[in-house]
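> Input upload_20.cif, format and content: mmCIF, C-alpha atoms.
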data_query
#
loop_
_atom_site.label_atom_id
_atom_site.label_comp_id
_atom_site.auth_asym_id
_atom_site.auth_seq_id
_atom_site.Cartn_x
_atom_site.Cartn_y
_atom_site.Cartn_z
CA MET A 1 5.31 9.26 -14.56
CA ILE A 2 2.60 10.23 -12.07
CA LEU A 3 3.12 13.98 -12.11
CA ASP A 4 1.17 15.80 -14.78
CA SER A 5 1.30 19.51 -15.64
CA GLU A 6 -1.56 20.34 -13.26
CA ILE A 7 0.10 18.65 -10.27
CA ALA A 8 3.41 20.30 -11.13
CA SER A 9 1.67 23.68 -11.25
CA LEU A 10 -0.17 23.08 -7.96
CA ALA A 11 3.17 22.19 -6.36
CA SER A 12 4.95 25.19 -7.93
CA LEU A 13 7.49 22.62 -9.03
CA GLU A 14 10.80 23.82 -10.45
CA PRO A 15 11.45 22.55 -14.02
CA LEU A 16 14.61 20.70 -12.94
CA ALA A 17 12.77 19.00 -10.07
CA LEU A 18 10.11 17.83 -12.52
CA GLU A 19 12.83 16.57 -14.85
CA LEU A 20 14.44 14.56 -12.03
CA LEU A 21 11.08 12.99 -11.16
CA LYS A 22 10.33 11.81 -14.69
CA GLU A 23 12.12 8.49 -14.36
CA PRO A 24 13.69 6.23 -11.73
CA GLU A 25 17.22 6.92 -10.50
CA VAL A 26 18.37 3.29 -10.39
CA VAL A 27 16.97 0.11 -11.95
CA ILE A 28 18.52 -3.22 -11.00
CA LYS A 29 17.50 -6.44 -12.72
CA VAL A 30 18.94 -9.78 -11.63
CA LYS A 31 18.39 -13.39 -12.63
CA LEU A 32 18.01 -15.89 -9.82
CA HIS A 33 19.32 -19.31 -10.87
CA LEU A 34 17.89 -21.85 -8.47
CA ASN A 35 17.18 -25.52 -7.96
CA LEU A 36 13.87 -25.57 -6.12
CA PRO A 37 12.65 -28.68 -4.29
CA THR A 38 9.31 -28.67 -6.14
CA LYS A 39 10.37 -27.13 -9.46
CA GLY A 40 13.91 -28.26 -10.11
CA PRO A 41 16.35 -25.93 -11.95
CA ILE A 42 14.71 -22.61 -12.74
CA GLY A 43 15.58 -19.02 -13.64
CA ILE A 44 13.59 -16.23 -12.02
CA ASP A 45 13.63 -12.51 -12.84
CA ALA A 46 13.85 -10.10 -9.93
CA TYR A 47 14.02 -6.32 -9.72
CA LEU A 48 15.00 -3.51 -7.38
CA VAL A 49 14.10 0.06 -8.29
CA TYR A 50 15.07 3.30 -6.56
CA TYR A 51 12.74 5.96 -7.92
CA CYS A 52 13.95 8.99 -5.95
CA THR A 53 16.42 8.87 -3.09
CA VAL A 54 16.64 12.55 -2.21
CA ARG A 55 14.84 12.07 1.12
CA GLY A 56 17.05 9.08 1.93
CA PRO A 57 18.96 6.93 2.30
CA PRO A 58 17.47 4.68 3.26
CA SER A 59 14.87 4.16 0.58
CA LYS A 60 11.80 2.19 1.59
CA GLY A 61 9.81 -0.31 -0.38
CA GLY A 62 8.05 -3.63 -0.11
CA LEU A 63 9.03 -6.94 -1.66
CA ARG A 64 6.37 -8.23 -4.02
CA ILE A 65 6.32 -11.86 -5.15
CA ASN A 66 3.91 -12.56 -8.00
CA GLU A 67 4.14 -14.45 -11.26
CA ASN A 68 2.79 -11.38 -13.11
CA VAL A 69 5.39 -8.93 -11.76
CA THR A 70 7.05 -6.79 -14.43
CA LEU A 71 9.76 -4.16 -14.29
CA GLU A 72 7.15 -1.55 -15.22
CA ASP A 73 5.06 -2.58 -12.19
CA VAL A 74 8.03 -2.24 -9.85
CA ILE A 75 8.91 1.19 -11.26
CA GLN A 76 5.33 2.38 -10.76
CA LEU A 77 5.22 1.07 -7.20
CA ALA A 78 8.59 2.66 -6.38
CA GLU A 79 7.27 5.96 -7.71
CA ILE A 80 4.15 5.69 -5.56
CA MET A 81 6.30 4.91 -2.51
CA THR A 82 8.40 8.01 -3.17
CA TYR A 83 5.36 10.27 -2.88
CA LYS A 84 3.77 8.28 -0.07
CA CYS A 85 6.83 8.69 2.16
CA ALA A 86 7.00 12.39 1.33
CA LEU A 87 3.30 12.94 2.04
CA MET A 88 3.76 11.31 5.45
CA ASP A 89 6.89 13.48 5.87
CA LEU A 90 9.11 10.47 6.56
CA PRO A 91 12.89 10.59 5.93
CA PHE A 92 12.77 7.81 3.33
CA GLY A 93 13.43 7.70 -0.37
CA GLY A 94 11.06 5.64 -2.49
CA ALA A 95 11.92 2.19 -3.81
CA LYS A 96 10.42 -1.24 -4.53
CA ALA A 97 11.51 -4.81 -5.09
CA GLY A 98 9.75 -7.51 -7.07
CA ILE A 99 10.28 -11.18 -7.81
CA LYS A 100 8.50 -12.80 -10.75
CA ALA A 101 7.39 -16.04 -9.11
CA ASN A 102 4.22 -17.72 -7.92
CA TYR A 103 3.45 -16.43 -4.44
CA GLU A 104 1.64 -19.71 -3.66
CA LEU A 105 4.85 -21.73 -3.89
CA PRO A 106 5.61 -23.90 -0.84
CA GLN A 107 7.28 -21.94 1.94
CA LEU A 108 10.58 -23.80 1.50
CA ASP A 109 10.75 -22.73 -2.15
CA LYS A 110 9.88 -19.14 -1.27
CA ASN A 111 12.57 -19.05 1.41
CA ILE A 112 15.18 -20.22 -1.11
CA ILE A 113 14.07 -17.59 -3.64
CA VAL A 114 14.12 -14.77 -1.08
CA ARG A 115 17.54 -15.77 0.26
CA GLU A 116 19.03 -15.83 -3.24
CA PHE A 117 17.59 -12.40 -4.00
CA VAL A 118 19.12 -11.05 -0.80
CA HIS A 119 22.50 -12.48 -1.84
CA LYS A 120 22.21 -10.85 -5.28
CA ILE A 121 21.52 -7.36 -3.92
CA ARG A 122 23.35 -7.72 -0.62
CA ASN A 123 25.37 -4.52 -1.00
CA GLU A 124 22.16 -2.51 -1.38
CA ILE A 125 20.87 -3.88 1.92
CA VAL A 126 23.91 -3.91 4.20
CA SER A 127 24.85 -0.38 3.09
CA GLY A 128 21.51 0.84 4.41
CA ALA A 129 20.45 2.06 0.96
CA TYR A 130 17.35 -0.16 0.77
CA VAL A 131 15.01 -1.35 3.51
CA PHE A 132 12.71 -4.27 2.75
CA GLY A 133 9.10 -4.53 3.83
CA PRO A 134 6.19 -6.87 3.04
CA ASP A 135 3.96 -6.50 0.00
CA LEU A 136 1.74 -8.77 -2.08
CA GLY A 137 2.95 -12.35 -1.79
CA THR A 138 5.14 -11.71 1.25
CA GLY A 139 4.66 -11.27 4.98
CA PRO A 140 6.41 -11.68 8.33
CA ARG A 141 7.80 -15.11 7.37
CA GLU A 142 9.65 -13.76 4.33
CA MET A 143 10.83 -10.72 6.29
CA ALA A 144 12.22 -13.10 8.91
CA THR A 145 14.11 -14.92 6.14
CA ILE A 146 15.66 -11.62 5.05
CA PHE A 147 16.71 -10.83 8.62
CA GLY A 148 18.17 -14.32 8.88
CA GLU A 149 20.45 -13.49 5.95
CA THR A 150 21.49 -9.96 6.97
CA HIS A 151 21.42 -10.23 10.79
CA MET A 152 20.57 -6.51 10.70
CA ARG A 153 17.22 -5.67 12.28
CA GLU A 154 17.09 -2.31 10.53
CA SER A 155 17.49 -3.93 7.09
CA VAL A 156 13.88 -5.09 6.98
CA THR A 157 10.54 -4.12 8.50
CA GLY A 158 7.41 -6.18 8.98
CA LYS A 159 9.41 -8.79 10.89
CA PRO A 160 7.89 -11.06 13.57
CA VAL A 161 7.86 -9.33 16.95
CA GLY A 162 10.39 -11.76 18.42
CA ILE A 163 13.16 -10.52 16.13
CA GLY A 164 12.50 -6.81 16.32
CA GLY A 165 9.16 -6.40 14.61
CA VAL A 166 6.81 -3.89 16.19
CA PRO A 167 3.43 -4.94 17.58
CA GLY A 168 0.74 -3.49 15.34
CA ARG A 169 2.78 -3.55 12.11
CA LEU A 170 0.79 -6.46 10.67
CA GLN A 171 -2.52 -4.63 10.92
CA ALA A 172 -1.18 -1.09 10.41
CA THR A 173 -2.05 -0.69 6.73
CA GLY A 174 -5.60 -2.01 6.99
CA TYR A 175 -6.12 -0.22 10.31
CA GLY A 176 -5.03 3.02 8.67
CA VAL A 177 -7.39 2.46 5.74
CA ALA A 178 -10.25 2.06 8.23
CA LYS A 179 -9.36 5.18 10.22
CA ILE A 180 -8.99 7.27 7.05
CA THR A 181 -12.37 5.93 5.90
CA GLU A 182 -13.89 7.02 9.21
CA LYS A 183 -12.50 10.56 8.79
CA ALA A 184 -13.50 10.78 5.14
CA VAL A 185 -17.05 9.63 5.88
CA SER A 186 -17.34 12.29 8.57
CA GLU A 187 -15.63 15.21 6.87
CA ILE A 188 -16.48 14.58 3.21
CA LEU A 189 -19.78 12.70 3.23
CA GLY A 190 -20.93 14.37 6.45
CA LYS A 191 -22.12 11.11 7.96
CA ASP A 192 -21.43 8.90 10.94
CA LEU A 193 -19.54 5.70 10.12
CA LYS A 194 -22.38 3.65 11.66
CA ASP A 195 -24.80 5.06 9.08
CA VAL A 196 -22.95 4.05 5.91
CA THR A 197 -22.60 0.88 3.87
CA ILE A 198 -19.16 -0.33 2.77
CA ALA A 199 -17.87 -2.88 0.26
CA ILE A 200 -14.27 -4.11 0.30
CA GLN A 201 -12.54 -5.80 -2.61
CA GLY A 202 -9.70 -7.88 -1.21
CA PHE A 203 -9.42 -9.95 1.96
CA GLY A 204 -5.65 -10.21 2.20
CA ASN A 205 -3.69 -8.37 4.85
CA VAL A 206 -5.06 -4.93 3.98
CA GLY A 207 -8.67 -5.90 3.35
CA PHE A 208 -8.82 -8.22 6.35
CA TRP A 209 -7.65 -5.64 8.89
CA ALA A 210 -9.63 -2.83 7.26
CA CYS A 211 -12.77 -4.96 7.48
CA LYS A 212 -12.07 -5.97 11.08
CA THR A 213 -11.40 -2.40 12.23
CA LEU A 214 -14.39 -0.95 10.38
CA CYS A 215 -16.70 -3.56 11.89
CA GLU A 216 -15.30 -2.80 15.36
CA LEU A 217 -15.97 0.90 14.71
CA GLY A 218 -19.61 0.06 13.99
CA ALA A 219 -19.63 0.32 10.20
CA LYS A 220 -21.89 -1.89 8.11
CA VAL A 221 -19.61 -3.84 5.78
CA ILE A 222 -22.05 -5.51 3.41
CA ALA A 223 -19.67 -7.20 0.95
CA VAL A 224 -16.10 -8.45 0.74
CA SER A 225 -14.24 -10.50 -1.84
CA ASP A 226 -10.95 -12.23 -2.57
CA LYS A 227 -9.50 -13.63 -5.80
CA TYR A 228 -12.08 -16.44 -5.85
CA GLY A 229 -15.10 -14.17 -5.45
CA GLY A 230 -17.01 -12.68 -2.56
CA THR A 231 -19.97 -12.68 -0.23
CA ILE A 232 -22.71 -10.15 0.43
CA ASN A 233 -25.25 -9.43 3.17
CA PHE A 234 -27.17 -6.17 2.98
CA LYS A 235 -27.73 -6.29 6.76
CA GLY A 236 -23.97 -6.32 7.37
CA LEU A 237 -21.43 -9.14 7.63
CA ASN A 238 -20.44 -10.71 10.94
CA PHE A 239 -16.66 -10.31 10.86
CA GLU A 240 -15.77 -13.03 13.38
CA LYS A 241 -17.81 -15.66 11.57
CA LEU A 242 -16.53 -14.42 8.20
CA SER A 243 -12.94 -14.70 9.41
CA GLN A 244 -13.48 -18.24 10.66
CA TYR A 245 -15.10 -19.24 7.36
CA SER A 246 -12.22 -17.72 5.38
CA GLN A 247 -9.62 -19.62 7.41
CA GLN A 248 -11.48 -22.91 6.99
CA ASN A 249 -12.24 -22.54 3.28
CA ASN A 250 -9.37 -20.32 2.06
CA THR A 251 -11.94 -17.93 0.59
CA VAL A 252 -14.83 -15.71 1.62
CA ARG A 253 -16.85 -16.80 -1.38
CA GLY A 254 -19.96 -18.64 -0.31
CA PHE A 255 -20.00 -17.36 3.27
CA ASN A 256 -23.55 -17.76 4.61
CA GLY A 257 -24.45 -19.32 1.26
CA SER A 258 -23.95 -16.02 -0.57
CA SER A 259 -21.65 -15.28 -3.50
CA ILE A 260 -20.76 -12.22 -5.57
CA SER A 261 -18.13 -11.71 -8.26
CA ASN A 262 -15.37 -9.14 -7.91
CA GLU A 263 -16.80 -7.24 -10.86
CA ASP A 264 -20.28 -7.09 -9.32
CA LEU A 265 -18.87 -6.00 -5.96
CA LEU A 266 -17.28 -2.98 -7.61
CA ARG A 267 -20.66 -2.01 -9.02
CA LEU A 268 -22.57 -2.16 -5.73
CA GLN A 269 -24.58 0.88 -4.67
CA VAL A 270 -22.76 1.60 -1.40
CA ASP A 271 -21.58 4.70 0.41
CA VAL A 272 -17.93 3.62 0.39
CA LEU A 273 -16.06 1.27 -1.92
CA ILE A 274 -12.59 0.15 -0.80
CA PRO A 275 -10.56 -1.57 -3.55
CA ALA A 276 -7.90 -3.25 -1.41
CA ALA A 277 -6.62 -6.02 -3.66
CA ILE A 278 -4.43 -5.19 -6.66
CA GLU A 279 -3.76 -2.31 -9.03
CA ASN A 280 -5.84 -1.23 -12.03
CA VAL A 281 -9.15 -2.86 -11.10
CA ILE A 282 -11.06 0.33 -11.93
CA THR A 283 -10.26 1.72 -15.36
CA GLU A 284 -11.95 3.54 -18.22
CA ASN A 285 -13.62 0.22 -19.08
CA ASN A 286 -15.70 -0.07 -15.91
CA VAL A 287 -15.55 3.24 -14.02
CA SER A 288 -18.86 4.45 -15.48
CA LEU A 289 -20.58 1.46 -13.84
CA LEU A 290 -19.54 2.40 -10.29
CA LYS A 291 -22.34 3.55 -7.98
CA ALA A 292 -20.39 4.18 -4.76
CA LYS A 293 -20.56 7.67 -3.25
CA MET A 294 -16.86 7.61 -2.29
CA ILE A 295 -13.80 5.49 -3.05
CA VAL A 296 -10.96 4.82 -0.59
CA GLU A 297 -7.90 3.28 -2.27
CA GLY A 298 -6.73 0.47 -0.01
CA ALA A 299 -4.47 -1.09 -2.64
CA ASN A 300 -1.71 0.68 -4.54
CA ALA A 301 -3.02 2.27 -7.76
CA PRO A 302 -6.36 0.39 -7.95
CA LEU A 303 -7.75 3.23 -10.10
CA SER A 304 -6.26 4.34 -13.39
CA ASN A 305 -5.64 8.04 -14.05
CA ILE A 306 -8.59 8.15 -16.44
CA ALA A 307 -10.85 6.61 -13.78
CA HIS A 308 -9.69 9.22 -11.25
CA GLU A 309 -10.50 12.06 -13.63
CA PHE A 310 -13.89 10.58 -14.53
CA LEU A 311 -14.93 10.27 -10.88
CA TYR A 312 -13.67 13.74 -9.98
CA LYS A 313 -15.74 15.30 -12.76
CA LYS A 314 -18.71 13.23 -11.61
CA GLY A 315 -18.28 14.55 -8.06
CA VAL A 316 -17.27 11.25 -6.49
CA PRO A 317 -14.40 11.80 -4.01
CA VAL A 318 -11.48 9.36 -4.15
CA VAL A 319 -9.11 9.16 -1.18
CA PRO A 320 -5.79 8.31 -2.90
CA ASP A 321 -3.56 5.37 -2.08
CA ILE A 322 -0.60 7.44 -0.90
CA LEU A 323 -2.83 8.76 1.87
CA ALA A 324 -5.27 5.93 2.54
CA ASN A 325 -2.86 3.01 2.78
CA ALA A 326 0.17 4.79 4.24
CA GLY A 327 -0.31 3.21 7.68
CA GLY A 328 2.09 0.45 6.75
CA VAL A 329 5.00 2.72 5.95
CA ILE A 330 4.36 4.80 9.09
CA ALA A 331 4.61 1.66 11.21
CA SER A 332 7.64 0.59 9.17
CA TYR A 333 9.38 3.84 10.01
CA ASP A 334 8.69 3.19 13.69
CA GLU A 335 10.14 -0.31 13.33
CA TRP A 336 13.21 0.91 11.43
CA ARG A 337 14.12 3.65 13.92
CA ILE A 338 13.39 1.45 16.92
CA SER A 339 15.49 -1.36 15.43
CA LYS A 340 18.42 1.03 15.02
CA ALA A 341 18.04 2.37 18.56
CA GLY A 342 17.30 -0.95 20.26
CA LEU A 343 14.07 0.34 21.82
CA LEU A 344 10.62 -1.20 22.37
CA ILE A 345 7.15 -0.02 21.41
CA THR A 346 3.65 -1.26 22.23
CA GLU A 347 0.86 -2.08 19.78
CA LYS A 348 -1.17 0.85 21.11
CA GLU A 349 1.75 3.24 20.53
CA THR A 350 2.23 1.94 16.98
CA LEU A 351 -1.43 2.29 16.02
CA ASN A 352 -1.72 5.66 17.76
CA ASP A 353 1.23 6.89 15.70
CA VAL A 354 -0.41 5.57 12.52
CA GLU A 355 -3.70 7.28 13.34
CA ARG A 356 -2.07 10.57 14.36
CA THR A 357 0.17 10.81 11.29
CA LEU A 358 -2.63 9.88 8.89
CA ALA A 359 -5.02 12.37 10.48
CA LYS A 360 -2.51 15.20 10.04
CA ALA A 361 -1.90 14.28 6.41
CA PHE A 362 -5.64 13.93 5.74
CA GLU A 363 -6.33 17.43 7.01
CA GLU A 364 -3.46 18.81 4.90
CA VAL A 365 -4.76 17.12 1.76
CA LEU A 366 -8.39 18.11 2.38
CA SER A 367 -7.42 21.73 3.03
CA PHE A 368 -5.21 21.88 -0.07
CA ALA A 369 -7.92 20.34 -2.26
CA ASP A 370 -10.49 22.85 -0.98
CA SER A 371 -8.15 25.81 -1.40
CA TYR A 372 -7.07 24.96 -4.93
CA LYS A 373 -10.34 23.37 -6.09
CA THR A 374 -8.70 20.16 -7.13
CA SER A 375 -9.06 16.44 -6.45
CA LEU A 376 -7.78 14.78 -3.29
CA ARG A 377 -5.37 12.76 -5.43
CA LYS A 378 -3.79 15.78 -7.08
CA ALA A 379 -3.69 17.62 -3.76
CA ALA A 380 -1.85 14.71 -2.13
CA TYR A 381 0.69 14.42 -4.93
CA ALA A 382 1.23 18.18 -5.04
CA ILE A 383 2.00 18.31 -1.31
CA ALA A 384 4.37 15.36 -1.63
CA ALA A 385 6.08 16.73 -4.75
CA ARG A 386 6.66 20.08 -3.07
CA ARG A 387 8.33 18.37 -0.10
CA ILE A 388 10.55 16.37 -2.42
CA ALA A 389 11.51 19.50 -4.38
CA ASP A 390 12.27 21.39 -1.15
CA THR A 391 14.59 18.55 -0.14
CA MET A 392 16.27 18.70 -3.54
CA ILE A 393 16.95 22.39 -2.96
CA ALA A 394 18.24 21.73 0.56
CA ARG A 395 20.64 19.08 -0.76
CA GLY A 396 21.81 21.13 -3.72
CA TRP A 397 20.28 18.82 -6.31
CA ILE A 398 18.58 21.75 -8.00
#
Starting from the file, lay out its structure as structure tokens.

Amino acid sequence: MILDSEIASLASLEPLALELLKEPEVVIKVKLHLNLPTKGPIGIDAYLVYYCTVRGPPSKGGLRINENVTLEDVIQLAEIMTYKCALMDLPFGGAKAGIKANYELPQLDKNIIVREFVHKIRNEIVSGAYVFGPDLGTGPREMATIFGETHMRESVTGKPVGIGGVPGRLQATGYGVAKITEKAVSEILGKDLKDVTIAIQGFGNVGFWACKTLCELGAKVIAVSDKYGGTINFKGLNFEKLSQYSQQNNTVRGFNGSSISNEDLLRLQVDVLIPAAIENVITENNVSLLKAKMIVEGANAPLSNIAHEFLYKKGVPVVPDILANAGGVIASYDEWRISKAGLLITEKETLNDVERTLAKAFEEVLSFADSYKTSLRKAAYAIAARRIADTMIARGWI
């Protein structure tokens, strides 16, 4: 459970509300029995978790495909999504889906796996209870497969534009991370974005678009990495050339003849560190080695609770994931409501909505943290928890 006694106190949380938020409402585990073209007969575990549905239905969550997925991971991610939607003040409950399979499987195999999962939980989708979105190991192609099974545009977000996806959804999360970084650099570090150095761990969808946007805004991104390692240039990386190299070599490692490990990237002396890869990369084991002046969580839960507390006591601000990477769910809400209404939206409108919503939430969190002398993370969760509890009261849950 994310909420501790301090967050509950900051949120003036009713005891029954806290009790209801201690564990997920619904946990669904299914076994996918398949005969894959490249693997033959195989059994695959898959999960769907509704953590709290009081602000839904629908409940929103991505579909993660990874061979290391566990039920505990999916529960944690569903819990994070619950608070993220509430912090953005979206009418969504929080949920998550996960499939324990290699995300690097051939596309045909992945399509078969996704279709079977949709069949297994079909009632959850067609009832409007759960809305899919992309996450690690999935993207527009998998979302298109889901739409192909449901024929309901509002059942899934992150779709290709031609079948109801919104322009700007692909880059929304990384774009939002960049815009939040810009505001945090200005309002917390008191600097101009052009005068800071930035390192980004992760060059998937989030890291790629965060890097691109930050470079366009004039920031000096000196290091990036992916699962194979990274590259560094203290004068700043050329994004266009880096992107071309990554596409040609399937990694950023070795770009311009330079290499750096993921562990060393985390320890760089930079103004801003953006962990945008996977969860739990900064823990009690390595947090004392960090030299960044500020952390912006691009990934979900890249810092452990102990790491958060250590950095707060050290005076290093951490912009939490439920604020920093919420651009994706904001754009997903736009796609969901537009799909239901049969309307259109432009890329500029999508990204403007992301920037506007994030800016409002950022100011709320910063003001709360200043007023109550607490961390940005606890401020964000307190605001979100209070909104959830208010909805529980409004619905007669408590």
> Apply the PyMOL selection byres ((chain A and resi 180) around 9) to the file shown and report the selected residues as JSON, numbers by chain.
{"A": [175, 176, 177, 178, 179, 181, 182, 183, 184, 185, 296, 319, 323, 324, 325, 355, 358, 359, 362]}
> Using only C-alpha atoms, please write the residues we just selected to a file, as a PDB file, in the coordinates of the input.

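New file part13.pdb:
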ATOM      1  CA  TYR A 175      -6.120  -0.220  10.310  1.00  0.00           C
ATOM      2  CA  GLY A 176      -5.030   3.020   8.670  1.00  0.00           C
ATOM      3  CA  VAL A 177      -7.390   2.460   5.740  1.00  0.00           C
ATOM      4  CA  ALA A 178     -10.250   2.060   8.230  1.00  0.00           C
ATOM      5  CA  LYS A 179      -9.360   5.180  10.220  1.00  0.00           C
ATOM      6  CA  THR A 181     -12.370   5.930   5.900  1.00  0.00           C
ATOM      7  CA  GLU A 182     -13.890   7.020   9.210  1.00  0.00           C
ATOM      8  CA  LYS A 183     -12.500  10.560   8.790  1.00  0.00           C
ATOM      9  CA  ALA A 184     -13.500  10.780   5.140  1.00  0.00           C
ATOM     10  CA  VAL A 185     -17.050   9.630   5.880  1.00  0.00           C
ATOM     11  CA  VAL A 296     -10.960   4.820  -0.590  1.00  0.00           C
ATOM     12  CA  VAL A 319      -9.110   9.160  -1.180  1.00  0.00           C
ATOM     13  CA  LEU A 323      -2.830   8.760   1.870  1.00  0.00           C
ATOM     14  CA  ALA A 324      -5.270   5.930   2.540  1.00  0.00           C
ATOM     15  CA  ASN A 325      -2.860   3.010   2.780  1.00  0.00           C
ATOM     16  CA  GLU A 355      -3.700   7.280  13.340  1.00  0.00           C
ATOM     17  CA  LEU A 358      -2.630   9.880   8.890  1.00  0.00           C
ATOM     18  CA  ALA A 359      -5.020  12.370  10.480  1.00  0.00           C
ATOM     19  CA  PHE A 362      -5.640  13.930   5.740  1.00  0.00           C
TER      20      PHE A 362
END
> Check what the PyMOL selection byres ((chain A and resi 309) around 12) selects in the file above and give those residues as a ChimeraX atom specification.
/A:282-284,287-288,303-308,310-318,374-378
> Could you tell me which residues the PyMOL selection byres ((chain A and resi 5-19) around 12) grabs in this file, written as a PyMOL selection string?
chain A and resi 1-4+20-25+52+54+368-369+371-393+396-398
> Pull C-alpha atoms from the residues just selected and write them as a PDB file, in the frame of the given file.

ATOM      1  CA  MET A   1       5.310   9.260 -14.560  1.00  0.00           C
ATOM      2  CA  ILE A   2       2.600  10.230 -12.070  1.00  0.00           C
ATOM      3  CA  LEU A   3       3.120  13.980 -12.110  1.00  0.00           C
ATOM      4  CA  ASP A   4       1.170  15.800 -14.780  1.00  0.00           C
ATOM      5  CA  LEU A  20      14.440  14.560 -12.030  1.00  0.00           C
ATOM      6  CA  LEU A  21      11.080  12.990 -11.160  1.00  0.00           C
ATOM      7  CA  LYS A  22      10.330  11.810 -14.690  1.00  0.00           C
ATOM      8  CA  GLU A  23      12.120   8.490 -14.360  1.00  0.00           C
ATOM      9  CA  PRO A  24      13.690   6.230 -11.730  1.00  0.00           C
ATOM     10  CA  GLU A  25      17.220   6.920 -10.500  1.00  0.00           C
ATOM     11  CA  CYS A  52      13.950   8.990  -5.950  1.00  0.00           C
ATOM     12  CA  VAL A  54      16.640  12.550  -2.210  1.00  0.00           C
ATOM     13  CA  PHE A 368      -5.210  21.880  -0.070  1.00  0.00           C
ATOM     14  CA  ALA A 369      -7.920  20.340  -2.260  1.00  0.00           C
ATOM     15  CA  SER A 371      -8.150  25.810  -1.400  1.00  0.00           C
ATOM     16  CA  TYR A 372      -7.070  24.960  -4.930  1.00  0.00           C
ATOM     17  CA  LYS A 373     -10.340  23.370  -6.090  1.00  0.00           C
ATOM     18  CA  THR A 374      -8.700  20.160  -7.130  1.00  0.00           C
ATOM     19  CA  SER A 375      -9.060  16.440  -6.450  1.00  0.00           C
ATOM     20  CA  LEU A 376      -7.780  14.780  -3.290  1.00  0.00           C
ATOM     21  CA  ARG A 377      -5.370  12.760  -5.430  1.00  0.00           C
ATOM     22  CA  LYS A 378      -3.790  15.780  -7.080  1.00  0.00           C
ATOM     23  CA  ALA A 379      -3.690  17.620  -3.760  1.00  0.00           C
ATOM     24  CA  ALA A 380      -1.850  14.710  -2.130  1.00  0.00           C
ATOM     25  CA  TYR A 381       0.690  14.420  -4.930  1.00  0.00           C
ATOM     26  CA  ALA A 382       1.230  18.180  -5.040  1.00  0.00           C
ATOM     27  CA  ILE A 383       2.000  18.310  -1.310  1.00  0.00           C
ATOM     28  CA  ALA A 384       4.370  15.360  -1.630  1.00  0.00           C
ATOM     29  CA  ALA A 385       6.080  16.730  -4.750  1.00  0.00           C
ATOM     30  CA  ARG A 386       6.660  20.080  -3.070  1.00  0.00           C
ATOM     31  CA  ARG A 387       8.330  18.370  -0.100  1.00  0.00           C
ATOM     32  CA  ILE A 388      10.550  16.370  -2.420  1.00  0.00           C
ATOM     33  CA  ALA A 389      11.510  19.500  -4.380  1.00  0.00           C
ATOM     34  CA  ASP A 390      12.270  21.390  -1.150  1.00  0.00           C
ATOM     35  CA  THR A 391      14.590  18.550  -0.140  1.00  0.00           C
ATOM     36  CA  MET A 392      16.270  18.700  -3.540  1.00  0.00           C
ATOM     37  CA  ILE A 393      16.950  22.390  -2.960  1.00  0.00           C
ATOM     38  CA  GLY A 396      21.810  21.130  -3.720  1.00  0.00           C
ATOM     39  CA  TRP A 397      20.280  18.820  -6.310  1.00  0.00           C
ATOM     40  CA  ILE A 398      18.580  21.750  -8.000  1.00  0.00           C
TER      41      ILE A 398
END
> Extract, using all atoms listed in the file, all DNA, RNA and protein residues at most 7 Å from Ala276 of chain A, discarding same-chain residues fewer than 5 positions from it, and format them as a ChimeraX atom specification.
/A:200-202,206-207,297-299
> Excluding Gly254 of chain A and residues on its chain fewer than 6 positions from it, collect all residues at most 9 Å away from it, counting only C-alpha atoms, and give them as a PyMOL selection string.
chain A and resi 229-232+260
> Could you tell me how far atom CA of Asn256 of chain A lies from atom CA of Lys212 of chain A, in Å and to one decimal?
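We find that atom CA of Asn256 of chain A and atom CA of Lys212 of chain A lie 17.7 Å from each other.
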> Counting all atoms listed in the file, figure out which residue out of A:Val156, A:Thr70, A:Val365, A:Asp109 gets nearest to Gly40 of chain A.
A:Asp109
> Quick one: distance from atom CA of Ile188 of chain A to atom CA of Pro302 of chain A in Å, one decimal?
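Taking atom CA of Ile188 of chain A as the start and atom CA of Pro302 of chain A as the end point, the length is 20.7 Å.
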> Using only C-alpha atoms, can you list as a ChimeraX atom specification the residues within 10 Å of (-17.0, -18.3, -3.0)?
/A:225-231,246,249-255,257-261
> List the spatial neighbours of Leu90 of chain A as a VMD selection string - criterion: any atom at most 9 Å away, only C-alpha atoms, same-chain residues fewer than 2 positions off excluded.
chain A and resid 55 84 to 88 92 to 93 329 to 330 333
